[in-house]
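> Provided herewith is a single structure, encoded as structure tokens, for subsequent inquiry.
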Amino acid sequence: MSEFPASWRTVAFRFEPNPSFTELLRRAEAPLPIVTTSSGSVPSVPEGTTILAMVTADGVVIAGDRRATEGTTIADRRIEKVFSTDRYAAVAIAGAAGPAIEMVRLFKTEVEHYEKLEGSVLSLEGKANRLAGMIRANFPFALQGLVVVPIFAGYDQGQRAGRIFRYDAVGGRYEEAEHHATGSGGVHARSTLRHDWRPGMTTEEGIRLALEALADAAEEDTATSGPDLRRGIFPVVASITEDGYERVSDETLAPIATEILTGGR
Amino acid sequence: MAQPFYVSPEQVMKDRADYARKGIARGRSIVAIECTPGIVIVAENPSTTLHKVGELYDRIAFAAVGKYNEFENLRIAGVRLADMRGYSYAREDVTAKSIANAYAQALGAIFTEQMKPWEVEVLVASVGLTQSDDELYRVVYDGSLYDEDGFMAMGGHAEELMGMLRDGYAEGMDLDAALRLGAGSLGRAGGDDRTISSENLEVALLDRGLPGRAFRRIDPRAVAETLAG
């Protein structure tokens, strides 16, 4: 495979200062993942459930449980909903899993494409706005029930602090100063966060609180899974600090999760 | 209407080739050397913002000599093609060969169809798991494509630089040795004997050990330390 389609070559070599990858796909008439359909209902698809993020002293902690549901059935026990988009940012997704994962893939390419073309990294705020645009483009799908509601979090190198952005189904973008959780178990996770989050928490404390919040959400919400000690499945928890994105290993999470679940808190 | 003079196609092509070669020879040269930690690309470039070396994709880098606006177009096209393929298929499906081929076709078409050929020479480098998997493709102004092994040079003193690299190159060099060989050769090109200051060198490494995106720039301070040591 060494040939590129003619339409790709045409747009690739044509002068066009717009650094957006999505626009490039549109010009190349390549299929976009976010299709606009006019009518008809969409069959039921796997839904991602609870995700959360919080600001810590060093940056942010972002986490998501591992369950996807389809109606009342568990569709996936090991789905991952937290994705690093680049070194200093990550996105967690809740809602229709298929379109959400595709949106993240496009978003990652978008951010990287910009960085390579412009030779400079898109600001955290710039990334947050691009993501809002993608959710807006998903609006026709959202109307049919395929809602995608991500949380975007990252370390702002200009402000030297962690920042969190949440979104609504039509692409509205809201910055959260402290913490946020969304998805089916989001309301329960939020109450844990509201109760136990403090300003200036360390990353380690943040990781523990993330596990506690997800465990609490799992207690109340059938669509959310807490840490699963029997199968050895743990939520995806990651920190983003000055040193970049780092996913917390299962080996680190296991003892904390065991302590939480066996009532040692 | 006046009849245009007849000019033989040979003459037209030769004139265009001479024109392009002269343009390329005016610029400063670039060398790329395979070594144990990856592929190091050394360019003489006094500008810190107008790059001659850039990232195309995870394991693939771009470098060019000649006219900036022309090779910048090629770099952007390369990034676009790589990202489109990586997004439509998978990241490992993006290959240096396919991008080099697209460059060759584009430059070939420009050379035969347009009045003015592009005054550029381009390197597409791809770092592998081991040195034997490394790939270096050189594409020149008329669309000719060459597959180089171990090291390559392009620009004004390419022939002479290739000779120096051939003498100094050994498989399994470390980064410092490769960097010294590259910078030293650039300084001696054209019968000169100068030491190019690290401020005027643009150095990048396709880092074999980095997972994912392997391209990283080496800042002038680190380059100066290596060259001094």
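Residues in the structure tokens are named by chain (A, B, ... in the order shown) and by number from 1 within that chain; ligands are numbered from 1 in the order shown.
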As a list of chain:residue names, please: every residue in region 195-255 of chain A that a backbone DSSP assignment puts in alpha helix (DSSP H).

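In region 195-255 of chain A, DSSP puts these residues in alpha helix (DSSP H): A:His195, A:Asp196, A:Thr203, A:Glu204, A:Glu205, A:Gly206, A:Ile207, A:Arg208, A:Leu209, A:Ala210, A:Leu211, A:Glu212, A:Ala213, A:Leu214, A:Ala215, A:Asp216, A:Ala217, A:Ala218, A:Glu219, A:Glu220, A:Asp250, A:Glu251, A:Thr252, A:Leu253, A:Ala254, A:Pro255.
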
> Keeping only N, CA and C atoms, write the selected residues as a compact mmCIF listing (two decimals), in the first residue's frame.


# COMPACT_ATOMS: atom_id res chain seq x y z
N HIS A 195 -18.15 16.30 49.03
CA HIS A 195 -17.92 16.10 50.45
C HIS A 195 -16.43 16.06 50.79
N ASP A 196 -15.64 15.40 49.96
CA ASP A 196 -14.26 15.11 50.36
C ASP A 196 -13.18 15.90 49.63
N THR A 203 -1.67 14.76 44.42
CA THR A 203 -2.09 13.83 43.37
C THR A 203 -2.49 12.48 43.99
N GLU A 204 -1.74 12.02 44.99
CA GLU A 204 -2.04 10.73 45.63
C GLU A 204 -3.42 10.77 46.29
N GLU A 205 -3.70 11.88 46.99
CA GLU A 205 -5.02 12.01 47.62
C GLU A 205 -6.11 12.06 46.57
N GLY A 206 -5.81 12.74 45.47
CA GLY A 206 -6.77 12.82 44.37
C GLY A 206 -7.09 11.46 43.78
N ILE A 207 -6.06 10.63 43.62
CA ILE A 207 -6.25 9.29 43.06
C ILE A 207 -7.15 8.47 43.98
N ARG A 208 -6.91 8.58 45.27
CA ARG A 208 -7.71 7.84 46.24
C ARG A 208 -9.17 8.31 46.20
N LEU A 209 -9.32 9.64 46.16
CA LEU A 209 -10.69 10.20 46.13
C LEU A 209 -11.42 9.77 44.85
N ALA A 210 -10.70 9.71 43.75
CA ALA A 210 -11.32 9.27 42.49
C ALA A 210 -11.86 7.86 42.63
N LEU A 211 -11.07 6.98 43.24
CA LEU A 211 -11.52 5.60 43.44
C LEU A 211 -12.72 5.54 44.38
N GLU A 212 -12.67 6.35 45.44
CA GLU A 212 -13.79 6.37 46.39
C GLU A 212 -15.08 6.84 45.70
N ALA A 213 -14.95 7.89 44.90
CA ALA A 213 -16.13 8.44 44.23
C ALA A 213 -16.72 7.41 43.26
N LEU A 214 -15.85 6.70 42.53
CA LEU A 214 -16.36 5.70 41.59
C LEU A 214 -16.96 4.50 42.34
N ALA A 215 -16.35 4.13 43.47
CA ALA A 215 -16.90 3.04 44.27
C ALA A 215 -18.28 3.43 44.80
N ASP A 216 -18.42 4.67 45.25
CA ASP A 216 -19.72 5.15 45.74
C ASP A 216 -20.76 5.16 44.62
N ALA A 217 -20.34 5.63 43.44
CA ALA A 217 -21.27 5.66 42.31
C ALA A 217 -21.72 4.24 41.96
N ALA A 218 -20.80 3.29 42.06
CA ALA A 218 -21.14 1.90 41.74
C ALA A 218 -22.14 1.32 42.74
N GLU A 219 -22.07 1.81 43.97
CA GLU A 219 -23.02 1.34 44.99
C GLU A 219 -24.45 1.74 44.63
N GLU A 220 -24.60 2.93 44.05
CA GLU A 220 -25.92 3.50 43.83
C GLU A 220 -26.44 3.27 42.40
N ASP A 250 -2.41 -0.46 37.61
CA ASP A 250 -3.31 -1.29 38.41
C ASP A 250 -2.65 -1.73 39.72
N GLU A 251 -1.33 -1.92 39.68
CA GLU A 251 -0.61 -2.34 40.89
C GLU A 251 -0.71 -1.28 41.98
N THR A 252 -0.72 -0.01 41.56
CA THR A 252 -0.86 1.08 42.54
C THR A 252 -2.30 1.16 43.03
N LEU A 253 -3.25 0.94 42.10
CA LEU A 253 -4.66 1.10 42.46
C LEU A 253 -5.15 -0.04 43.36
N ALA A 254 -4.62 -1.26 43.14
CA ALA A 254 -5.17 -2.44 43.81
C ALA A 254 -5.22 -2.30 45.34
N PRO A 255 -4.09 -1.95 46.01
CA PRO A 255 -4.17 -1.85 47.47
C PRO A 255 -5.13 -0.76 47.95

> Using only C-alpha atoms, find the residues of chain A whose closest atom to chain B is at most 9 Å away, then write them as an MDAnalysis selection string.

chainID A and resid 1:4 8:9 11:15 21 24:25 30:31 105:106 109:110 112:113 116:117 119

> So which residues touch region 27-35 of chain B within 6 Å, counting only C-alpha atoms, skipping near sequence neighbours fewer than 5 positions away, as a list in words?

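Selected residues are Val40, Ile41, Val42, Ala43, Gly66, Gly150, Phe151, Met152, Ala153, Met154, Gly155, Gly156, Gly172, Met173 and Asp174 of chain B.
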
> Counting only C-alpha atoms, which of B:Ala224, B:Ala20, B:Ala25, B:Val122 gets nearest to Arg180 (chain B)?

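Result for the nearest residue to Arg180 (chain B): B:Ala224.
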
> Give me, as a short mmCIF file (atom, residue, chain, number, x, y, z; two decimals) with N, CA and C atoms, in the first residue's frame, all polymer residues having an atom no more than 10 Å from region 175-182 of chain A, counting only C-alpha atoms and skipping those fewer than 5 positions away in the same chain.


data_model
loop_
_atom_site.label_atom_id
_atom_site.label_comp_id
_atom_site.auth_asym_id
_atom_site.auth_seq_id
_atom_site.Cartn_x
_atom_site.Cartn_y
_atom_site.Cartn_z
N THR A 49 -20.47 5.04 31.14
CA THR A 49 -21.20 5.58 32.28
C THR A 49 -20.44 6.65 33.05
N THR A 50 -19.79 6.33 34.17
CA THR A 50 -19.36 7.41 35.05
C THR A 50 -17.91 7.86 34.83
N ILE A 51 -17.73 9.15 34.70
CA ILE A 51 -16.38 9.73 34.58
C ILE A 51 -16.28 10.93 35.51
N LEU A 52 -15.07 11.27 35.91
CA LEU A 52 -14.89 12.41 36.80
C LEU A 52 -13.51 13.02 36.62
N ALA A 53 -13.35 14.24 37.10
CA ALA A 53 -12.05 14.90 37.11
C ALA A 53 -12.02 15.88 38.27
N MET A 54 -10.83 16.10 38.82
CA MET A 54 -10.71 17.09 39.90
C MET A 54 -9.37 17.79 39.80
N VAL A 55 -9.36 19.03 40.28
CA VAL A 55 -8.13 19.80 40.30
C VAL A 55 -7.34 19.43 41.56
N THR A 56 -6.04 19.25 41.43
CA THR A 56 -5.19 19.00 42.59
C THR A 56 -4.12 20.09 42.65
N VAL A 60 -4.28 17.93 37.59
CA VAL A 60 -5.61 17.33 37.67
C VAL A 60 -5.50 15.81 37.80
N VAL A 61 -6.57 15.23 38.34
CA VAL A 61 -6.74 13.77 38.30
C VAL A 61 -8.01 13.53 37.52
N ILE A 62 -7.96 12.58 36.58
CA ILE A 62 -9.12 12.29 35.75
C ILE A 62 -9.34 10.78 35.78
N ALA A 63 -10.61 10.35 35.84
CA ALA A 63 -10.86 8.92 36.01
C ALA A 63 -12.18 8.52 35.37
N GLY A 64 -12.31 7.24 35.08
CA GLY A 64 -13.55 6.70 34.54
C GLY A 64 -13.69 5.26 34.94
N ALA A 92 -12.18 12.39 29.02
CA ALA A 92 -12.93 11.23 29.48
C ALA A 92 -14.31 11.32 28.85
N ILE A 93 -14.87 10.17 28.49
CA ILE A 93 -16.12 10.22 27.76
C ILE A 93 -17.23 9.45 28.47
N ALA A 94 -18.43 10.02 28.39
CA ALA A 94 -19.62 9.32 28.84
C ALA A 94 -20.65 9.46 27.72
N GLY A 95 -21.62 8.58 27.71
CA GLY A 95 -22.62 8.65 26.65
C GLY A 95 -22.36 7.58 25.62
N GLU A 125 -6.95 25.98 26.36
CA GLU A 125 -8.24 26.58 26.05
C GLU A 125 -8.60 26.33 24.58
N ALA A 128 -9.84 22.87 24.30
CA ALA A 128 -11.19 22.76 24.87
C ALA A 128 -12.23 23.28 23.87
N VAL A 149 -21.03 13.20 26.11
CA VAL A 149 -20.70 14.25 27.07
C VAL A 149 -19.33 13.99 27.69
N PRO A 150 -18.29 14.60 27.17
CA PRO A 150 -16.97 14.38 27.72
C PRO A 150 -16.61 15.35 28.85
N ILE A 151 -15.57 15.01 29.55
CA ILE A 151 -14.89 15.97 30.43
C ILE A 151 -13.49 16.11 29.85
N PHE A 152 -13.06 17.34 29.72
CA PHE A 152 -11.72 17.58 29.20
C PHE A 152 -10.89 18.19 30.32
N ALA A 153 -9.72 17.65 30.57
CA ALA A 153 -8.89 18.16 31.67
C ALA A 153 -7.45 18.17 31.23
N GLY A 162 -3.86 22.98 36.90
CA GLY A 162 -4.78 22.06 36.25
C GLY A 162 -6.09 22.77 35.97
N ARG A 163 -6.73 22.41 34.86
CA ARG A 163 -8.03 23.01 34.52
C ARG A 163 -8.96 21.92 34.00
N ILE A 164 -10.25 22.11 34.29
CA ILE A 164 -11.25 21.12 33.89
C ILE A 164 -12.36 21.81 33.09
N PHE A 165 -12.78 21.18 32.02
CA PHE A 165 -13.90 21.69 31.23
C PHE A 165 -14.95 20.60 31.10
N ARG A 166 -16.21 20.98 31.32
CA ARG A 166 -17.27 20.02 31.05
C ARG A 166 -18.13 20.56 29.91
N TYR A 167 -18.92 19.67 29.32
CA TYR A 167 -19.67 20.05 28.13
C TYR A 167 -21.11 19.60 28.27
N VAL A 187 -23.98 11.76 39.36
CA VAL A 187 -24.57 12.49 40.48
C VAL A 187 -24.07 11.94 41.82
N HIS A 188 -23.88 10.62 41.88
CA HIS A 188 -23.38 10.01 43.12
C HIS A 188 -21.90 10.29 43.32
N ALA A 189 -21.15 10.20 42.23
CA ALA A 189 -19.72 10.50 42.32
C ALA A 189 -19.52 11.96 42.74
N ARG A 190 -20.40 12.83 42.22
CA ARG A 190 -20.28 14.25 42.55
C ARG A 190 -20.49 14.50 44.04
N SER A 191 -21.43 13.73 44.64
CA SER A 191 -21.67 14.01 46.05
C SER A 191 -20.46 13.60 46.89
N THR A 192 -19.78 12.53 46.50
CA THR A 192 -18.54 12.16 47.20
C THR A 192 -17.48 13.24 47.01
N LEU A 193 -17.36 13.70 45.77
CA LEU A 193 -16.36 14.74 45.48
C LEU A 193 -16.66 16.00 46.28
N ARG A 194 -17.93 16.37 46.30
CA ARG A 194 -18.33 17.60 46.99
C ARG A 194 -17.97 17.49 48.47
N TRP A 197 -13.56 16.58 48.56
CA TRP A 197 -12.52 17.33 47.84
C TRP A 197 -12.10 18.56 48.64
N ARG A 198 -10.81 18.81 48.70
CA ARG A 198 -10.30 20.02 49.35
C ARG A 198 -9.33 20.70 48.39
N PRO A 199 -9.22 22.01 48.50
CA PRO A 199 -8.21 22.67 47.67
C PRO A 199 -6.80 22.23 48.10
N ALA A 210 -10.70 9.71 43.75
CA ALA A 210 -11.32 9.27 42.49
C ALA A 210 -11.86 7.86 42.63
N ALA A 213 -14.95 7.89 44.90
CA ALA A 213 -16.13 8.44 44.23
C ALA A 213 -16.72 7.41 43.26
N LEU A 214 -15.85 6.70 42.53
CA LEU A 214 -16.36 5.70 41.59
C LEU A 214 -16.96 4.50 42.34
#

> Under the rule of at most 6 Å, produce a per-residue listing of region 39-112 of chain B near region 133-145 of chain B: chain, number, name, the closest pair of atoms, and the distance in Å, as a tab-separated table, using only C-alpha atoms.


residue	atom	partner	partner_atom	distance
B:Ala104	CA	B:Gly143	CA	4.2
B:Leu107	CA	B:Gly143	CA	4.7
B:Gly108	CA	B:Gly143	CA	4.0
B:Phe111	CA	B:Asp142	CA	5.3

> Now that the selection is made, can you save its residues with N, CA and C atoms as a compact mmCIF listing (two decimals), in the first residue's frame?


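The resulting out-v4.txt:
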# COMPACT_ATOMS: atom_id res chain seq x y z
N ALA B 104 7.60 12.30 -4.73
CA ALA B 104 8.23 12.05 -6.02
C ALA B 104 7.25 12.34 -7.15
N LEU B 107 6.66 16.23 -7.32
CA LEU B 107 7.81 16.95 -7.87
C LEU B 107 8.00 16.61 -9.35
N GLY B 108 7.78 15.34 -9.69
CA GLY B 108 7.90 14.92 -11.09
C GLY B 108 6.91 15.67 -11.98
N PHE B 111 7.98 19.29 -12.32
CA PHE B 111 9.18 19.43 -13.15
C PHE B 111 8.83 19.38 -14.63

> DSSP on the backbone: what in region 34-172 of chain B comes out strand (DSSP E or B), as a ChimeraX atom specification?

/B:34-35,38-44,53-57,60-66,120-126,135-140,145-148,151-154

> Mind pulling up the distance from CA of Glu242 (chain A) to CA of Tyr155 (chain A)?

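It comes out at 6.7 Å.
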
> What does the distance from CA of Thr202 (chain A) to CA of Val237 (chain A) come to in Å, to one decimal?

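We find that CA of Thr202 (chain A) and CA of Val237 (chain A) lie 14.4 Å from each other.
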